[in-house]
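Participant: Structure: entry25.cif, mmCIF, C-alpha atoms.
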data_upload
#
loop_
_atom_site.label_atom_id
_atom_site.label_comp_id
_atom_site.auth_asym_id
_atom_site.auth_seq_id
_atom_site.Cartn_x
_atom_site.Cartn_y
_atom_site.Cartn_z
CA MET A 1 -17.21 10.42 -2.23
CA ASP A 2 -14.09 12.61 -2.04
CA ASN A 3 -13.97 11.94 1.70
CA LEU A 4 -12.91 8.38 0.83
CA PHE A 5 -9.61 9.81 -0.35
CA GLY A 6 -8.71 11.67 2.83
CA GLU A 7 -5.01 12.15 3.52
CA LEU A 8 -2.89 11.58 6.64
CA ARG A 9 -0.05 13.09 8.62
CA LEU A 10 2.90 10.87 9.51
CA GLY A 11 5.63 12.66 11.39
CA HIS A 12 6.78 15.79 9.56
CA LEU A 13 5.33 14.62 6.24
CA ARG A 14 2.02 16.27 5.35
CA LEU A 15 -0.54 13.62 4.52
CA ALA A 16 -3.84 15.11 5.64
CA PRO A 17 -5.50 18.30 6.78
CA LEU A 18 -4.99 18.25 10.54
CA GLY A 19 -8.20 17.51 12.35
CA ALA A 20 -9.96 16.34 9.21
CA ARG A 21 -12.89 14.02 9.86
CA ARG A 22 -15.15 12.05 7.57
CA ARG A 23 -18.67 13.41 7.50
CA THR A 24 -20.13 10.09 6.50
CA LYS A 25 -18.92 6.53 6.83
CA VAL A 26 -17.99 5.07 3.47
CA THR A 27 -19.31 1.56 2.94
CA ALA A 28 -17.61 -1.18 0.97
CA SER A 29 -20.19 -0.86 -1.81
CA GLN A 30 -19.64 2.91 -2.08
CA ALA A 31 -15.89 2.43 -2.22
CA ALA A 32 -16.20 -0.29 -4.86
CA ALA A 33 -18.42 1.98 -6.97
CA GLU A 34 -15.88 4.80 -6.64
CA TYR A 35 -12.93 2.66 -7.72
CA THR A 36 -14.67 1.04 -10.67
CA GLY A 37 -16.70 4.03 -11.86
CA ARG A 38 -14.16 6.79 -11.36
CA TRP A 39 -10.84 5.05 -11.93
CA GLY A 40 -11.80 1.94 -13.91
CA TRP A 41 -10.15 -0.41 -11.42
CA ALA A 42 -11.35 -3.93 -10.71
CA VAL A 43 -12.31 -4.60 -7.09
CA VAL A 44 -13.50 -7.59 -5.12
CA THR A 45 -14.91 -7.76 -1.61
CA GLY A 46 -14.02 -10.00 1.28
CA ASP A 47 -15.19 -10.73 4.79
CA PRO A 48 -13.99 -8.47 7.61
CA VAL A 49 -11.06 -9.47 9.80
CA THR A 50 -11.57 -9.73 13.55
CA GLY A 51 -8.78 -9.53 16.08
CA THR A 52 -5.29 -8.36 15.13
CA PRO A 53 -3.52 -9.14 11.84
CA ALA A 54 -0.44 -11.33 12.08
CA THR A 55 2.06 -8.71 10.89
CA GLY A 56 3.57 -6.97 13.90
CA ALA A 57 0.89 -8.39 16.17
CA THR A 58 0.86 -10.08 19.53
CA ALA A 59 -2.26 -12.14 18.83
CA PRO A 60 -3.25 -14.06 15.71
CA ALA A 61 -5.77 -12.60 13.29
CA GLN A 62 -9.15 -14.19 12.94
CA CYS A 63 -9.23 -14.56 9.17
CA PRO A 64 -12.49 -15.63 7.52
CA CYS A 65 -10.56 -18.33 5.65
CA GLY A 66 -10.42 -20.26 8.95
CA SER A 67 -6.65 -20.76 9.06
CA PRO A 68 -5.13 -19.75 12.42
CA ARG A 69 -1.79 -19.14 10.67
CA CYS A 70 -3.07 -17.23 7.65
CA ALA A 71 -0.28 -15.09 6.14
CA ALA A 72 -2.73 -12.66 4.52
CA PRO A 73 -5.68 -12.15 6.86
CA GLY A 74 -8.60 -10.46 5.18
CA LEU A 75 -7.02 -10.49 1.73
CA HIS A 76 -9.12 -13.35 0.35
CA PRO A 77 -12.01 -12.56 -2.02
CA ALA A 78 -15.39 -13.55 -0.61
CA THR A 79 -16.83 -16.68 -2.19
CA GLY A 80 -20.46 -16.25 -3.15
CA GLY A 81 -22.89 -13.56 -2.11
CA GLY A 82 -20.54 -10.84 -3.29
CA ARG A 83 -23.22 -8.17 -3.66
CA THR A 84 -24.61 -8.87 -0.20
CA ARG A 85 -21.17 -8.74 1.36
CA ALA A 86 -20.26 -5.53 -0.45
CA ALA A 87 -23.29 -3.82 1.07
CA ARG A 88 -21.90 -4.39 4.57
CA ALA A 89 -19.96 -1.38 5.80
CA GLU A 90 -17.43 -3.58 7.58
CA ALA A 91 -16.62 -5.80 4.57
CA SER A 92 -13.11 -5.54 3.16
CA VAL A 93 -12.48 -4.03 -0.28
CA LEU A 94 -9.63 -5.59 -2.24
CA PHE A 95 -7.67 -4.61 -5.34
CA PRO A 96 -6.69 -7.61 -7.50
CA THR A 97 -3.07 -6.93 -8.43
CA GLY A 98 -1.60 -7.76 -11.81
CA ARG A 99 -4.46 -6.15 -13.75
CA ALA A 100 -4.47 -2.35 -13.75
CA PHE A 101 -1.36 -2.22 -11.58
CA ASP A 102 1.12 -4.14 -9.42
CA VAL A 103 2.07 -2.97 -5.93
CA LEU A 104 5.55 -2.44 -4.44
CA ASP A 105 5.33 -3.10 -0.69
CA VAL A 106 7.95 -1.66 1.71
CA PRO A 107 8.31 -0.79 5.43
CA GLU A 108 6.64 2.48 6.34
CA GLN A 109 9.76 4.36 7.45
CA ALA A 110 11.76 3.40 4.37
CA GLY A 111 8.78 4.21 2.16
CA LEU A 112 8.35 7.66 3.67
CA GLN A 113 12.03 8.47 3.19
CA ALA A 114 11.90 7.29 -0.40
CA LEU A 115 8.69 9.21 -1.08
CA VAL A 116 10.19 12.50 0.14
CA ARG A 117 13.29 11.98 -1.97
CA LEU A 118 11.36 11.00 -5.09
CA GLU A 119 9.09 14.02 -4.88
CA ARG A 120 12.02 16.36 -4.26
CA MET A 121 13.60 15.00 -7.45
CA GLY A 122 10.37 15.70 -9.34
CA THR A 123 9.55 12.03 -9.93
CA GLN A 124 5.88 11.46 -10.67
CA VAL A 125 4.83 9.02 -7.96
CA GLY A 126 1.52 7.22 -8.43
CA PRO A 127 -1.03 6.35 -5.76
CA VAL A 128 0.39 5.17 -2.43
CA LEU A 129 -1.43 3.20 0.26
CA ALA A 130 -0.63 3.39 3.98
CA VAL A 131 -1.39 0.06 5.65
CA PRO A 132 -1.80 -0.05 9.45
CA THR A 133 0.57 -3.01 9.67
CA GLY A 134 3.41 -0.50 9.18
CA ARG A 135 3.78 -0.80 5.41
CA LEU A 136 3.52 1.55 2.44
CA GLN A 137 2.34 0.23 -0.91
CA PHE A 138 3.23 2.01 -4.17
CA LEU A 139 1.02 1.34 -7.18
CA VAL A 140 3.17 0.75 -10.27
CA ALA A 141 2.73 -0.60 -13.77
CA ALA A 142 1.29 -4.08 -14.14
CA GLY A 143 3.89 -6.77 -14.83
CA THR A 144 6.38 -5.42 -12.29
CA ALA A 145 6.22 -8.51 -10.06
CA ARG A 146 7.28 -10.73 -12.95
CA ARG A 147 10.18 -8.44 -13.86
CA LEU A 148 11.28 -7.52 -10.33
CA PRO A 149 14.27 -9.92 -10.07
CA ASP A 150 15.67 -8.65 -13.37
CA LEU A 151 15.05 -5.01 -12.43
CA LEU A 152 16.86 -5.45 -9.12
CA TYR A 153 19.71 -7.24 -10.89
CA ARG A 154 20.13 -4.41 -13.39
CA MET A 155 20.21 -1.88 -10.54
CA GLY A 156 22.73 -3.88 -8.53
CA TRP A 157 20.35 -4.84 -5.73
CA ASP A 158 19.88 -8.51 -6.60
CA ASP A 159 22.15 -9.78 -3.82
CA ALA A 160 20.86 -7.42 -1.11
CA ALA A 161 18.50 -8.61 1.62
CA LEU A 162 15.72 -6.07 1.12
CA ASP A 163 12.36 -5.94 2.85
CA LEU A 164 10.72 -5.15 -0.47
CA VAL A 165 8.12 -7.30 -2.18
CA CYS A 166 5.84 -6.89 -5.15
CA HIS A 167 2.22 -8.03 -5.38
CA GLY A 168 1.37 -9.08 -8.90
CA GLU A 169 -0.90 -11.42 -10.83
CA GLY A 170 -3.08 -13.53 -8.55
CA GLY A 171 -2.57 -11.32 -5.49
CA HIS A 172 -4.72 -8.82 -3.63
CA VAL A 173 -4.09 -5.76 -1.49
CA ALA A 174 -6.56 -4.08 0.85
CA ALA A 175 -8.13 -0.82 -0.29
CA PRO A 176 -9.63 2.01 1.76
CA PRO A 177 -11.86 1.94 3.78
CA THR A 178 -10.92 -1.65 4.75
CA VAL A 179 -10.17 -2.03 8.45
CA LEU A 180 -7.52 -4.60 9.41
CA GLY A 181 -8.81 -5.83 12.73
CA SER A 182 -7.76 -3.75 15.74
CA LEU A 183 -4.93 -2.03 13.86
CA GLY A 184 -7.21 0.35 12.02
CA PRO A 185 -8.07 1.31 8.44
CA VAL A 186 -6.07 1.31 5.22
CA ARG A 187 -5.64 4.92 4.01
CA TRP A 188 -4.43 6.77 0.95
CA LEU A 189 -1.04 8.41 1.49
CA ARG A 190 -1.07 9.71 -2.08
CA ARG A 191 -4.46 9.68 -3.74
CA PRO A 192 -5.19 8.44 -7.25
CA THR A 193 -5.64 11.19 -9.82
CA ARG A 194 -6.82 11.36 -13.41
CA ASP A 195 -3.19 11.40 -14.53
CA ASN A 196 -1.95 8.35 -12.65
CA ALA A 197 -4.97 6.11 -12.03
CA GLY A 198 -5.01 4.75 -15.57
CA CYS A 199 -1.26 4.90 -16.08
CA PRO A 200 0.71 4.13 -12.91
CA PRO A 201 4.46 4.81 -13.07
CA GLU A 202 6.98 2.33 -14.36
CA ALA A 203 8.63 0.56 -11.42
CA ARG A 204 12.14 1.44 -12.61
CA LEU A 205 11.43 5.11 -11.81
CA LEU A 206 10.83 4.33 -8.13
CA LEU A 207 12.65 1.09 -7.49
CA GLY A 208 16.21 2.37 -7.08
CA THR A 209 15.19 4.90 -4.44
CA LEU A 210 12.92 2.43 -2.64
CA ALA A 211 15.61 -0.25 -2.63
CA TYR A 212 18.21 2.17 -1.23
CA ALA A 213 15.83 3.34 1.51
CA CYS A 214 15.05 -0.28 2.46
CA HIS A 215 18.76 -1.10 2.52
CA ARG A 216 19.61 1.88 4.73
CA SER A 217 16.70 1.09 7.05
CA ARG A 218 17.97 -2.47 7.47
CA GLU A 219 21.51 -1.22 8.14
CA ARG A 220 20.29 1.14 10.86
CA THR A 221 18.29 -1.64 12.48
CA ALA A 222 21.38 -3.85 12.55
CA GLU A 223 23.60 -1.15 14.11
CA PRO A 224 24.41 -1.34 17.84
CA ALA A 225 22.30 1.07 19.90
CA TRP A 226 25.25 3.33 20.71
CA MET A 227 25.99 3.77 16.98
CA ALA A 228 22.40 4.32 15.95
CA SER A 229 21.87 7.04 18.57
#
Could you render the structure from this file as structure tokens?

Facilitator:
Amino acid sequence: MDNLFGELRLGHLRLAPLGARRRTKVTASQAAAEYTGRWGWAVVTGDPVTGTPATGATAPAQCPCGSPRCAAPGLHPATGGGRTRAARAEASVLFPTGRAFDVLDVPEQAGLQALVRLERMGTQVGPVLAVPTGRLQFLVAAGTARRLPDLLYRMGWDDAALDLVCHGEGGHVAAPPTVLGSLGPVRWLRRPTRDNAGCPPEARLLLGTLAYACHRSRERTAEPAWMAS
């Protein structure tokens, strides 16, 4: 099952052995067994998404919930027949947030910059998901979503317009090997380990760097082309 936790390469940042390929296709049921048995995480399964997810897309996603304007396509737990659905290779695997961990969700470019800086500083970063909608998701201690406004206030980021959200109690994020329509699969950018799976980092250790990276990314986007070049 280690092939489930394959890494990636994004730009200059090493994320995967180049040319690495999965020898076998991991099904939703295999992934669920890996997450619950190896890491002790709760998982739920959902129906697969067809079409293209709404984030950064030109066509609406076909979410199993039936809503043409669904804001979270494919991130709804399946209702009934869970075991049957989990056995289908194309079913989505979801992590319920707010239990073992919450998830800080940032734009990919800002997240990569923050990740490099955090690791250079020796900060112990927990598992990180790369979502094909152009987002990185950092697993952090449960309860972060509830405390996020206060944490940002204490760090001086409460009045900044940041593209940074936190998924907490009642939410779900997609887990590998879930495929988000035509955009592709969710992957691990930093894999869970024995040290961090049961004890994800406190958000305060990552939040300042993530917030700064999101702020700088927004500033660059707002700059005129001749200044950004």

Participant: For Arg147 (chain A), which residue among A:Arg120, A:Arg204, A:His215, A:Arg99 is the nearest when counting only C-alpha atoms?

Facilitator: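 Ranked by minimum distance to Arg147 (chain A), first place goes to A:Arg204.
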
Participant: For CA of Leu189 (chain A) and CA of Arg154 (chain A), quote the distance in Å rounded to one decimal.

Facilitator: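 Calculated distance between CA of Leu189 (chain A) and CA of Arg154 (chain A) is 28.9 Å.
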
Participant: At a cut-off of 7 Å, using only C-alpha atoms, what residues contact Val131 (chain A)? Leave out same-chain residues fewer than 4 positions from it and give the result as a PyMOL selection string.

Facilitator: chain A and resi 135-136+186-187

Participant: Save out the residues we just selected, C-alpha atoms, as a CSV table (one decimal), in the coordinates of the input.

Facilitator:
chain,number,residue,atom,x,y,z
A,135,ARG,CA,3.8,-0.8,5.4
A,136,LEU,CA,3.5,1.6,2.4
A,186,VAL,CA,-6.1,1.3,5.2
A,187,ARG,CA,-5.6,4.9,4.0

Participant: Enumerate, as an mmCIF file with C-alpha atoms, in the frame of the given file, the residues matched when the PyMOL selection byres ((chain A and resi 195) around 12) is run on the file above.

Facilitator:
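Okay, part-v5.cif is ready:
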data_model
loop_
_atom_site.group_PDB
_atom_site.id
_atom_site.type_symbol
_atom_site.label_atom_id
_atom_site.label_comp_id
_atom_site.auth_asym_id
_atom_site.auth_seq_id
_atom_site.Cartn_x
_atom_site.Cartn_y
_atom_site.Cartn_z
ATOM 1 C CA TRP A 39 -10.840 5.050 -11.930
ATOM 2 C CA GLN A 124 5.880 11.460 -10.670
ATOM 3 C CA VAL A 125 4.830 9.020 -7.960
ATOM 4 C CA GLY A 126 1.520 7.220 -8.430
ATOM 5 C CA PRO A 127 -1.030 6.350 -5.760
ATOM 6 C CA ARG A 191 -4.460 9.680 -3.740
ATOM 7 C CA PRO A 192 -5.190 8.440 -7.250
ATOM 8 C CA THR A 193 -5.640 11.190 -9.820
ATOM 9 C CA ARG A 194 -6.820 11.360 -13.410
ATOM 10 C CA ASN A 196 -1.950 8.350 -12.650
ATOM 11 C CA ALA A 197 -4.970 6.110 -12.030
ATOM 12 C CA GLY A 198 -5.010 4.750 -15.570
ATOM 13 C CA CYS A 199 -1.260 4.900 -16.080
ATOM 14 C CA PRO A 200 0.710 4.130 -12.910
ATOM 15 C CA PRO A 201 4.460 4.810 -13.070
#

Participant: Rank nothing, just name the residue among A:Ala31, A:Leu180, A:Leu205, A:Ala174 nearest to Pro77 (chain A), using only C-alpha atoms.

Facilitator: A:Ala174

Participant: Tell me which of A:Gln113, A:Thr133, A:Thr123, A:Thr45 sits closest to Ala203 (chain A), counting all atoms listed in the file.

Facilitator: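 Ranked by minimum distance to Ala203 (chain A), first place goes to A:Thr123.
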
Participant: Determine the residue membership of the PyMOL selection byres ((chain A and resi 98) around 9) for the file above and supply it as an NGL selection string.

Facilitator: :A and (96-97 or 99-103 or 141-145 or 167-172)

Participant: Rounded to one decimal in Å, what is the spacing between CA of Glu119 (chain A) and CA of Gln137 (chain A)?

Facilitator: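 Between CA of Glu119 (chain A) and CA of Gln137 (chain A) the gap works out to 15.9 Å.
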
Participant: Rounded to one decimal place, report the CA of Leu104 (chain A)-CA of Leu207 (chain A) distance in Å.

Facilitator: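 Taking CA of Leu104 (chain A) and CA of Leu207 (chain A), their separation equals 8.5 Å.
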
Participant: Would you kindly translate the PyMOL selection byres ((chain A and resi 93) around 9) into the concrete residues it picks from this file, as a ChimeraX atom specification?

Facilitator: /A:28-29,31-32,43-47,75,77,86,91-92,94-95,173-178

Participant: Please produce an output containing C-alpha atoms for each residue in the selection, written as a PDB file, in the coordinates of the input.

Facilitator:
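Written out: selection_6.pdb:
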ATOM      1  CA  ALA A  28     -17.610  -1.180   0.970  1.00  0.00           C
ATOM      2  CA  SER A  29     -20.190  -0.860  -1.810  1.00  0.00           C
ATOM      3  CA  ALA A  31     -15.890   2.430  -2.220  1.00  0.00           C
ATOM      4  CA  ALA A  32     -16.200  -0.290  -4.860  1.00  0.00           C
ATOM      5  CA  VAL A  43     -12.310  -4.600  -7.090  1.00  0.00           C
ATOM      6  CA  VAL A  44     -13.500  -7.590  -5.120  1.00  0.00           C
ATOM      7  CA  THR A  45     -14.910  -7.760  -1.610  1.00  0.00           C
ATOM      8  CA  GLY A  46     -14.020 -10.000   1.280  1.00  0.00           C
ATOM      9  CA  ASP A  47     -15.190 -10.730   4.790  1.00  0.00           C
ATOM     10  CA  LEU A  75      -7.020 -10.490   1.730  1.00  0.00           C
ATOM     11  CA  PRO A  77     -12.010 -12.560  -2.020  1.00  0.00           C
ATOM     12  CA  ALA A  86     -20.260  -5.530  -0.450  1.00  0.00           C
ATOM     13  CA  ALA A  91     -16.620  -5.800   4.570  1.00  0.00           C
ATOM     14  CA  SER A  92     -13.110  -5.540   3.160  1.00  0.00           C
ATOM     15  CA  LEU A  94      -9.630  -5.590  -2.240  1.00  0.00           C
ATOM     16  CA  PHE A  95      -7.670  -4.610  -5.340  1.00  0.00           C
ATOM     17  CA  VAL A 173      -4.090  -5.760  -1.490  1.00  0.00           C
ATOM     18  CA  ALA A 174      -6.560  -4.080   0.850  1.00  0.00           C
ATOM     19  CA  ALA A 175      -8.130  -0.820  -0.290  1.00  0.00           C
ATOM     20  CA  PRO A 176      -9.630   2.010   1.760  1.00  0.00           C
ATOM     21  CA  PRO A 177     -11.860   1.940   3.780  1.00  0.00           C
ATOM     22  CA  THR A 178     -10.920  -1.650   4.750  1.00  0.00           C
TER      23      THR A 178
END

Participant: Considering all atoms listed in the file, state which residue in the set A:Ala33, A:Leu210, A:Val26, A:Ala110 is at the smallest distance from Leu152 (chain A).

Facilitator: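 Smallest distance to Leu152 (chain A) is found for A:Leu210.
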
Participant: Find the spatial neighbours of Leu162 (chain A), counting all atoms listed in the file, within a cut-off of 12 Å - ignore same-chain residues fewer than 3 positions away - and output them as a list in words.

Facilitator: Asp105, Val106, Pro107, Ala110, Pro149, Leu152, Trp157, Asp158, Asp159, Val165, Cys166, Leu207, Gly208, Leu210, Ala211, Tyr212, Ala213, Cys214, His215, Arg216, Ser217, Arg218 and Glu219 of chain A

Participant: From the set A:Gln30, A:Leu118, A:Arg190, A:Ala161, which residue has the shortest atom-to-atom contact distance to Leu139 (chain A), counting all atoms listed in the file?

Facilitator: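 So, comparing all the options, the nearest one is A:Arg190.
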
Participant: Taking into account all atoms listed in the file, which residue in the set A:Gly122, A:Arg117, A:Pro132, A:Glu202 is nearest to Leu151 (chain A)?

Facilitator: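 The answer is A:Glu202, which sits nearest to Leu151 (chain A).
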